[in-house]
2 protein chains.
Amino acid sequence: MARVLVVDDDHTVREVVVSYLRAHQHDVVEAVDGESALSAMREEPADLVVLDLMLPGIDGIEVCRRLRTISDVPVIMLTALGEETDRVAGLEVGADDYVTKPFSPRELALRVDSVLRRTVTPPAPRRLVDGDLVVDEAAHTAHRGGVALALTAREFDLLRFLLANPGTAYSRDDLLRQVWGWSVGDHSTVTVHVRRLREKIERDPTRPTRLSTVWGVGYRWEATDE
Amino acid sequence: MARVLVVDDDHTVREVVVSYLRAHQHDVVEAVDGESALSAMREEPADLVVLDLMLPGIDGIEVCRRLRTISDVPVIMLTALGEETDRVAGLEVGADDYVTKPFSPRELALRVDSVLRRTVTPPAPRRLVDGDLVVDEAAHTAHRGGVALALTAREFDLLRFLLANPGTAYSRDDLLRQVWGWSVGDHSTVTVHVRRLREKIERDPTRPTRLSTVWGVGYRWEATDE
DNA sequence: TCTAGCCGTCACGGCTTCGTAAGAGTTGGC
DNA sequence: GCCAACTCTTACGAAGCCGTGACGGCTAGA
């Protein structure tokens, strides 16, 4: 688990990004401007910084430059679409990657994982196991009893999240937020994906024993650890 | 932990540098002049040499030149401020980096780490093998079933990277960064090169079994370990 | 200078996956 | 047993992704 500092003055952006990263097993801290970001880093350094370029007070470029004087922490910049010069400037002052707005939380999370993989986290093949189910995050594969499962990207994300958080009931809204990275959305999206996933991992999809329904609430993964 | 040889006739400089590098987990050896530095290297080679330019007897430039006849060891030069010509001469005879006096021990240590990272660290396995595929990194050749493959430079780089990291899914961004060395670029570049590579290493390029697609994610090399 | 080969980009078509809607089925409270 | 709320199932159009062929720029070697 890595500690990620998210710096953005927009409350909505922060909320979406933060909840999504948390769902992806990161320890997330927030900052609304450059000053508080820098002091947060001085107090308790993060493993990675997600930094908006447009900030009140000192801008992202300057924040990144000052950050570099106190730390080698990897930085992912959030830039507006088409601002080529901003991107170049960002990379020049030592940003490791950038994501252009508008972006999906999923995309950002992928970048975060990617950057962490090649900087902080050494080869840590994270595997999630539950009974005869094995999910390999690095390989992006899932097996049941040694047999590979043909999961789509969404199904894989959903399964990974559930397996990482067994025994806890999540509402469709929770799942939309944490797995899809949406703050609002149609509940049936979740319902349908749960059904498709069940078809691939349950003995009897009509009578699920692992991905069970919590009536009136949502879904819960039943841990089979013994 | 790396073995570092520090060559300087000034006792104070040596002491400061040596103790600081030792604190940074390096195995440090000392030499007071060029002759002893060269013999030390012959006796027990170091992974990196920190070499003062101004030395009694044979000077640093000449030491570096002779060093190059017996070893590819990376060299960091210590030069006086403003001696531009010395720096140029140093780089010409094969120094990898230089630090101007006066310098902080921390700065030197950072350079040492940086140079080590890009020279020593790459744990370069000379040959990568997977099934009937053999990639010889040193020779820059690839064979399949004993038959040489006519790979272009990029194709070779791509294959080498994948073979060195089997079983892991990489996004196109990952590959652009790791193989191309770009921090940003067109995804289709990767797509096309993957296609061209498949054409040369897959039995049936339209149905790849080794360089497989991870839908919505990227590509993965399927290890055929037995 | 000319030429061959490599590289990056683009457009297009096919295919997979996704999100949504609508209807059938199920659950739990009364 | 009935009703309302909720869930499951199916189907379908849209969007996104990947593979393919082609093209022009560039470089290195003749």
# chains A, B, ... in the order shown; residues from 1 in each chain; ligands from 1
$ residues_around --residues "segment 15-29 of chain D" --least-positions-apart "3" --cutoff "10 Å" --atoms "only C-alpha atoms (C1' of nucleotides)" --output "JSON, numbers by chain"
{"B": [188, 191, 192, 195, 206, 213, 215, 216, 217], "C": [3, 4, 5, 6, 7, 8, 9, 10, 11, 12, 13, 14, 15, 16, 17, 18, 19]}
$ select_by_dssp --residues "segment 17-160 of chain B" --states "strand (DSSP E)" --output "PyMOL selection string"
chain B and resi 27-31+48-52+75-80+97-101+127-130+133-136+141-144+147-148
$ calpha_fit_rmsd --fixed "chain A" --moving "chain B"
11.2 Å
$ residues_around --residues "segment 171-181 of chain B" --least-positions-apart "5" --cutoff "10 Å" --atoms "only C-alpha atoms (C1' of nucleotides)" --output "VMD selection string"
(chain A and resid 110 to 111 114 to 115 118) or (chain B and resid 154 to 162 186 to 191 214 216 to 220)
$ write_last_selection --atoms "C-alpha atoms" --output "compact mmCIF listing (two decimals), in the first residue's frame"
# COMPACT_ATOMS: atom_id res chain seq x y z
CA LEU A 110 -3.64 3.13 -13.90
CA ARG A 111 -0.98 5.81 -14.19
CA SER A 114 2.30 2.28 -13.23
CA VAL A 115 4.45 5.03 -11.78
CA ARG A 118 8.55 1.57 -11.62
CA ARG B 154 12.93 -1.42 -32.11
CA GLU B 155 11.60 -4.90 -32.54
CA PHE B 156 14.64 -6.24 -30.76
CA ASP B 157 14.23 -3.80 -27.87
CA LEU B 158 10.58 -4.69 -27.57
CA LEU B 159 11.21 -8.41 -27.63
CA ARG B 160 14.03 -8.11 -25.13
CA PHE B 161 11.88 -6.18 -22.69
CA LEU B 162 8.97 -8.57 -22.95
CA ASP B 186 1.12 7.76 -29.69
CA HIS B 187 -0.29 4.40 -28.63
CA SER B 188 -0.53 3.21 -32.20
CA THR B 189 3.23 3.20 -32.36
CA VAL B 190 3.23 0.32 -29.92
CA THR B 191 0.34 -1.42 -31.63
CA VAL B 214 -4.83 -8.02 -22.82
CA GLY B 216 -8.44 -2.80 -22.65
CA VAL B 217 -5.06 -2.99 -20.94
CA GLY B 218 -2.14 -3.74 -23.20
CA TYR B 219 0.08 -6.72 -23.92
CA ARG B 220 1.63 -9.59 -22.04
$ interface_residues --of "chain B" --to "chain A" --cutoff "6 Å" --atoms "only C-alpha atoms" --output "PyMOL selection string"
chain B and resi 167-169
$ interface_residues --of "chain D" --to "chain A" --cutoff "12 Å" --atoms "only C-alpha atoms (C1' of nucleotides)" --output "MDAnalysis selection string"
chainID D and resid 5:10 17
$ write_last_selection --atoms "N, CA and C atoms (P, O5', C5', C4', C3', O3' and C1' of nucleotides)" --output "mmCIF file, in the first residue's frame"
data_model
loop_
_atom_site.group_PDB
_atom_site.id
_atom_site.type_symbol
_atom_site.label_atom_id
_atom_site.label_comp_id
_atom_site.auth_asym_id
_atom_site.auth_seq_id
_atom_site.Cartn_x
_atom_site.Cartn_y
_atom_site.Cartn_z
ATOM 1 P P DA D 5 -42.975 1.306 -3.760
ATOM 2 O "O5'" DA D 5 -41.570 0.618 -3.471
ATOM 3 C "C5'" DA D 5 -41.330 0.027 -2.206
ATOM 4 C "C4'" DA D 5 -40.206 -0.976 -2.345
ATOM 5 C "C3'" DA D 5 -39.037 -0.486 -3.196
ATOM 6 O "O3'" DA D 5 -37.836 -0.626 -2.454
ATOM 7 C "C1'" DA D 5 -39.731 -2.636 -3.906
ATOM 8 P P DC D 6 -36.475 -0.046 -3.026
ATOM 9 O "O5'" DC D 6 -35.773 -1.374 -3.531
ATOM 10 C "C5'" DC D 6 -35.715 -2.504 -2.671
ATOM 11 C "C4'" DC D 6 -35.389 -3.741 -3.469
ATOM 12 C "C3'" DC D 6 -34.159 -3.618 -4.377
ATOM 13 O "O3'" DC D 6 -33.150 -4.488 -3.884
ATOM 14 C "C1'" DC D 6 -35.954 -4.772 -5.445
ATOM 15 P P DT D 7 -31.748 -4.541 -4.638
ATOM 16 O "O5'" DT D 7 -31.905 -5.800 -5.595
ATOM 17 C "C5'" DT D 7 -32.225 -7.076 -5.044
ATOM 18 C "C4'" DT D 7 -32.383 -8.088 -6.152
ATOM 19 C "C3'" DT D 7 -31.191 -8.226 -7.104
ATOM 20 O "O3'" DT D 7 -30.816 -9.594 -7.140
ATOM 21 C "C1'" DT D 7 -33.205 -7.999 -8.320
ATOM 22 P P DC D 8 -29.566 -10.054 -7.971
ATOM 23 O "O5'" DC D 8 -30.258 -10.674 -9.261
ATOM 24 C "C5'" DC D 8 -31.115 -11.797 -9.102
ATOM 25 C "C4'" DC D 8 -31.721 -12.178 -10.434
ATOM 26 C "C3'" DC D 8 -30.711 -12.525 -11.535
ATOM 27 O "O3'" DC D 8 -31.062 -13.799 -12.056
ATOM 28 C "C1'" DC D 8 -32.295 -10.926 -12.320
ATOM 29 P P DT D 9 -30.067 -14.561 -13.017
ATOM 30 O "O5'" DT D 9 -30.615 -14.180 -14.452
ATOM 31 C "C5'" DT D 9 -31.977 -14.451 -14.764
ATOM 32 C "C4'" DT D 9 -32.349 -13.794 -16.081
ATOM 33 C "C3'" DT D 9 -31.321 -13.987 -17.206
ATOM 34 O "O3'" DT D 9 -31.897 -14.843 -18.183
ATOM 35 C "C1'" DT D 9 -32.197 -11.763 -17.132
ATOM 36 P P DT D 10 -31.049 -15.392 -19.391
ATOM 37 O "O5'" DT D 10 -31.427 -14.379 -20.556
ATOM 38 C "C5'" DT D 10 -32.802 -14.028 -20.744
ATOM 39 C "C4'" DT D 10 -32.912 -12.845 -21.686
ATOM 40 C "C3'" DT D 10 -31.933 -12.869 -22.868
ATOM 41 O "O3'" DT D 10 -32.670 -12.953 -24.079
ATOM 42 C "C1'" DT D 10 -32.048 -10.709 -21.861
ATOM 43 P P DC D 17 -10.837 2.688 -25.203
ATOM 44 O "O5'" DC D 17 -10.356 1.378 -25.947
ATOM 45 C "C5'" DC D 17 -10.843 0.120 -25.520
ATOM 46 C "C4'" DC D 17 -10.379 -0.928 -26.496
ATOM 47 C "C3'" DC D 17 -8.918 -0.786 -26.919
ATOM 48 O "O3'" DC D 17 -8.243 -2.002 -26.645
ATOM 49 C "C1'" DC D 17 -10.335 -1.011 -28.818
#
$ decode --residues "segment 3-17 of chain D" --atoms "N, CA and C atoms (P, O5', C5', C4', C3', O3' and C1' of nucleotides)" --output "short mmCIF file (atom, residue, chain, number, x, y, z; two decimals), in the first residue's frame"
data_model
loop_
_atom_site.label_atom_id
_atom_site.label_comp_id
_atom_site.auth_asym_id
_atom_site.auth_seq_id
_atom_site.Cartn_x
_atom_site.Cartn_y
_atom_site.Cartn_z
P DC D 3 -52.90 -6.83 -5.06
"O5'" DC D 3 -51.79 -5.79 -4.61
"C5'" DC D 3 -51.84 -5.20 -3.30
"C4'" DC D 3 -50.51 -4.59 -2.97
"C3'" DC D 3 -49.82 -3.91 -4.15
"O3'" DC D 3 -49.36 -2.63 -3.75
"C1'" DC D 3 -48.35 -5.48 -3.16
P DA D 4 -49.06 -1.51 -4.86
"O5'" DA D 4 -47.63 -1.01 -4.38
"C5'" DA D 4 -47.35 -0.87 -2.99
"C4'" DA D 4 -45.89 -1.10 -2.74
"C3'" DA D 4 -44.97 -0.39 -3.73
"O3'" DA D 4 -43.96 0.29 -3.01
"C1'" DA D 4 -44.43 -2.69 -3.62
P DA D 5 -42.98 1.31 -3.76
"O5'" DA D 5 -41.57 0.62 -3.47
"C5'" DA D 5 -41.33 0.03 -2.21
"C4'" DA D 5 -40.21 -0.98 -2.34
"C3'" DA D 5 -39.04 -0.49 -3.20
"O3'" DA D 5 -37.84 -0.63 -2.45
"C1'" DA D 5 -39.73 -2.64 -3.91
P DC D 6 -36.48 -0.05 -3.03
"O5'" DC D 6 -35.77 -1.37 -3.53
"C5'" DC D 6 -35.71 -2.50 -2.67
"C4'" DC D 6 -35.39 -3.74 -3.47
"C3'" DC D 6 -34.16 -3.62 -4.38
"O3'" DC D 6 -33.15 -4.49 -3.88
"C1'" DC D 6 -35.95 -4.77 -5.44
P DT D 7 -31.75 -4.54 -4.64
"O5'" DT D 7 -31.91 -5.80 -5.60
"C5'" DT D 7 -32.23 -7.08 -5.04
"C4'" DT D 7 -32.38 -8.09 -6.15
"C3'" DT D 7 -31.19 -8.23 -7.10
"O3'" DT D 7 -30.82 -9.59 -7.14
"C1'" DT D 7 -33.21 -8.00 -8.32
P DC D 8 -29.57 -10.05 -7.97
"O5'" DC D 8 -30.26 -10.67 -9.26
"C5'" DC D 8 -31.11 -11.80 -9.10
"C4'" DC D 8 -31.72 -12.18 -10.43
"C3'" DC D 8 -30.71 -12.53 -11.54
"O3'" DC D 8 -31.06 -13.80 -12.06
"C1'" DC D 8 -32.30 -10.93 -12.32
P DT D 9 -30.07 -14.56 -13.02
"O5'" DT D 9 -30.61 -14.18 -14.45
"C5'" DT D 9 -31.98 -14.45 -14.76
"C4'" DT D 9 -32.35 -13.79 -16.08
"C3'" DT D 9 -31.32 -13.99 -17.21
"O3'" DT D 9 -31.90 -14.84 -18.18
"C1'" DT D 9 -32.20 -11.76 -17.13
P DT D 10 -31.05 -15.39 -19.39
"O5'" DT D 10 -31.43 -14.38 -20.56
"C5'" DT D 10 -32.80 -14.03 -20.74
"C4'" DT D 10 -32.91 -12.84 -21.69
"C3'" DT D 10 -31.93 -12.87 -22.87
"O3'" DT D 10 -32.67 -12.95 -24.08
"C1'" DT D 10 -32.05 -10.71 -21.86
P DA D 11 -31.99 -13.09 -25.48
"O5'" DA D 11 -32.09 -11.61 -26.02
"C5'" DA D 11 -33.27 -10.85 -25.79
"C4'" DA D 11 -33.07 -9.42 -26.27
"C3'" DA D 11 -32.19 -9.30 -27.52
"O3'" DA D 11 -32.79 -8.38 -28.41
"C1'" DA D 11 -31.32 -7.95 -25.78
P DC D 12 -32.33 -8.27 -29.93
"O5'" DC D 12 -31.80 -6.77 -30.00
"C5'" DC D 12 -32.51 -5.73 -29.31
"C4'" DC D 12 -31.63 -4.51 -29.23
"C3'" DC D 12 -30.67 -4.35 -30.42
"O3'" DC D 12 -30.68 -3.01 -30.85
"C1'" DC D 12 -29.47 -4.25 -28.42
P DG D 13 -30.43 -2.63 -32.36
"O5'" DG D 13 -29.82 -1.17 -32.22
"C5'" DG D 13 -30.43 -0.23 -31.32
"C4'" DG D 13 -29.35 0.63 -30.69
"C3'" DG D 13 -28.35 1.21 -31.68
"O3'" DG D 13 -28.14 2.58 -31.36
"C1'" DG D 13 -27.20 -0.05 -30.02
P DA D 14 -27.14 3.47 -32.20
"O5'" DA D 14 -25.97 3.69 -31.15
"C5'" DA D 14 -26.31 3.91 -29.77
"C4'" DA D 14 -25.03 4.08 -28.99
"C3'" DA D 14 -23.93 4.83 -29.73
"O3'" DA D 14 -23.34 5.76 -28.84
"C1'" DA D 14 -23.16 2.67 -29.13
P DA D 15 -22.21 6.76 -29.38
"O5'" DA D 15 -20.93 6.21 -28.61
"C5'" DA D 15 -21.08 5.72 -27.29
"C4'" DA D 15 -19.84 4.97 -26.89
"C3'" DA D 15 -18.54 5.60 -27.38
"O3'" DA D 15 -17.65 5.71 -26.28
"C1'" DA D 15 -18.63 3.31 -28.01
P DG D 16 -16.23 6.38 -26.45
"O5'" DG D 16 -15.29 5.10 -26.35
"C5'" DG D 16 -15.58 4.11 -25.39
"C4'" DG D 16 -14.69 2.92 -25.62
"C3'" DG D 16 -13.24 3.26 -25.96
"O3'" DG D 16 -12.40 2.45 -25.18
"C1'" DG D 16 -14.15 1.84 -27.63
P DC D 17 -10.84 2.69 -25.20
"O5'" DC D 17 -10.36 1.38 -25.95
"C5'" DC D 17 -10.84 0.12 -25.52
"C4'" DC D 17 -10.38 -0.93 -26.50
"C3'" DC D 17 -8.92 -0.79 -26.92
"O3'" DC D 17 -8.24 -2.00 -26.65
"C1'" DC D 17 -10.34 -1.01 -28.82
#
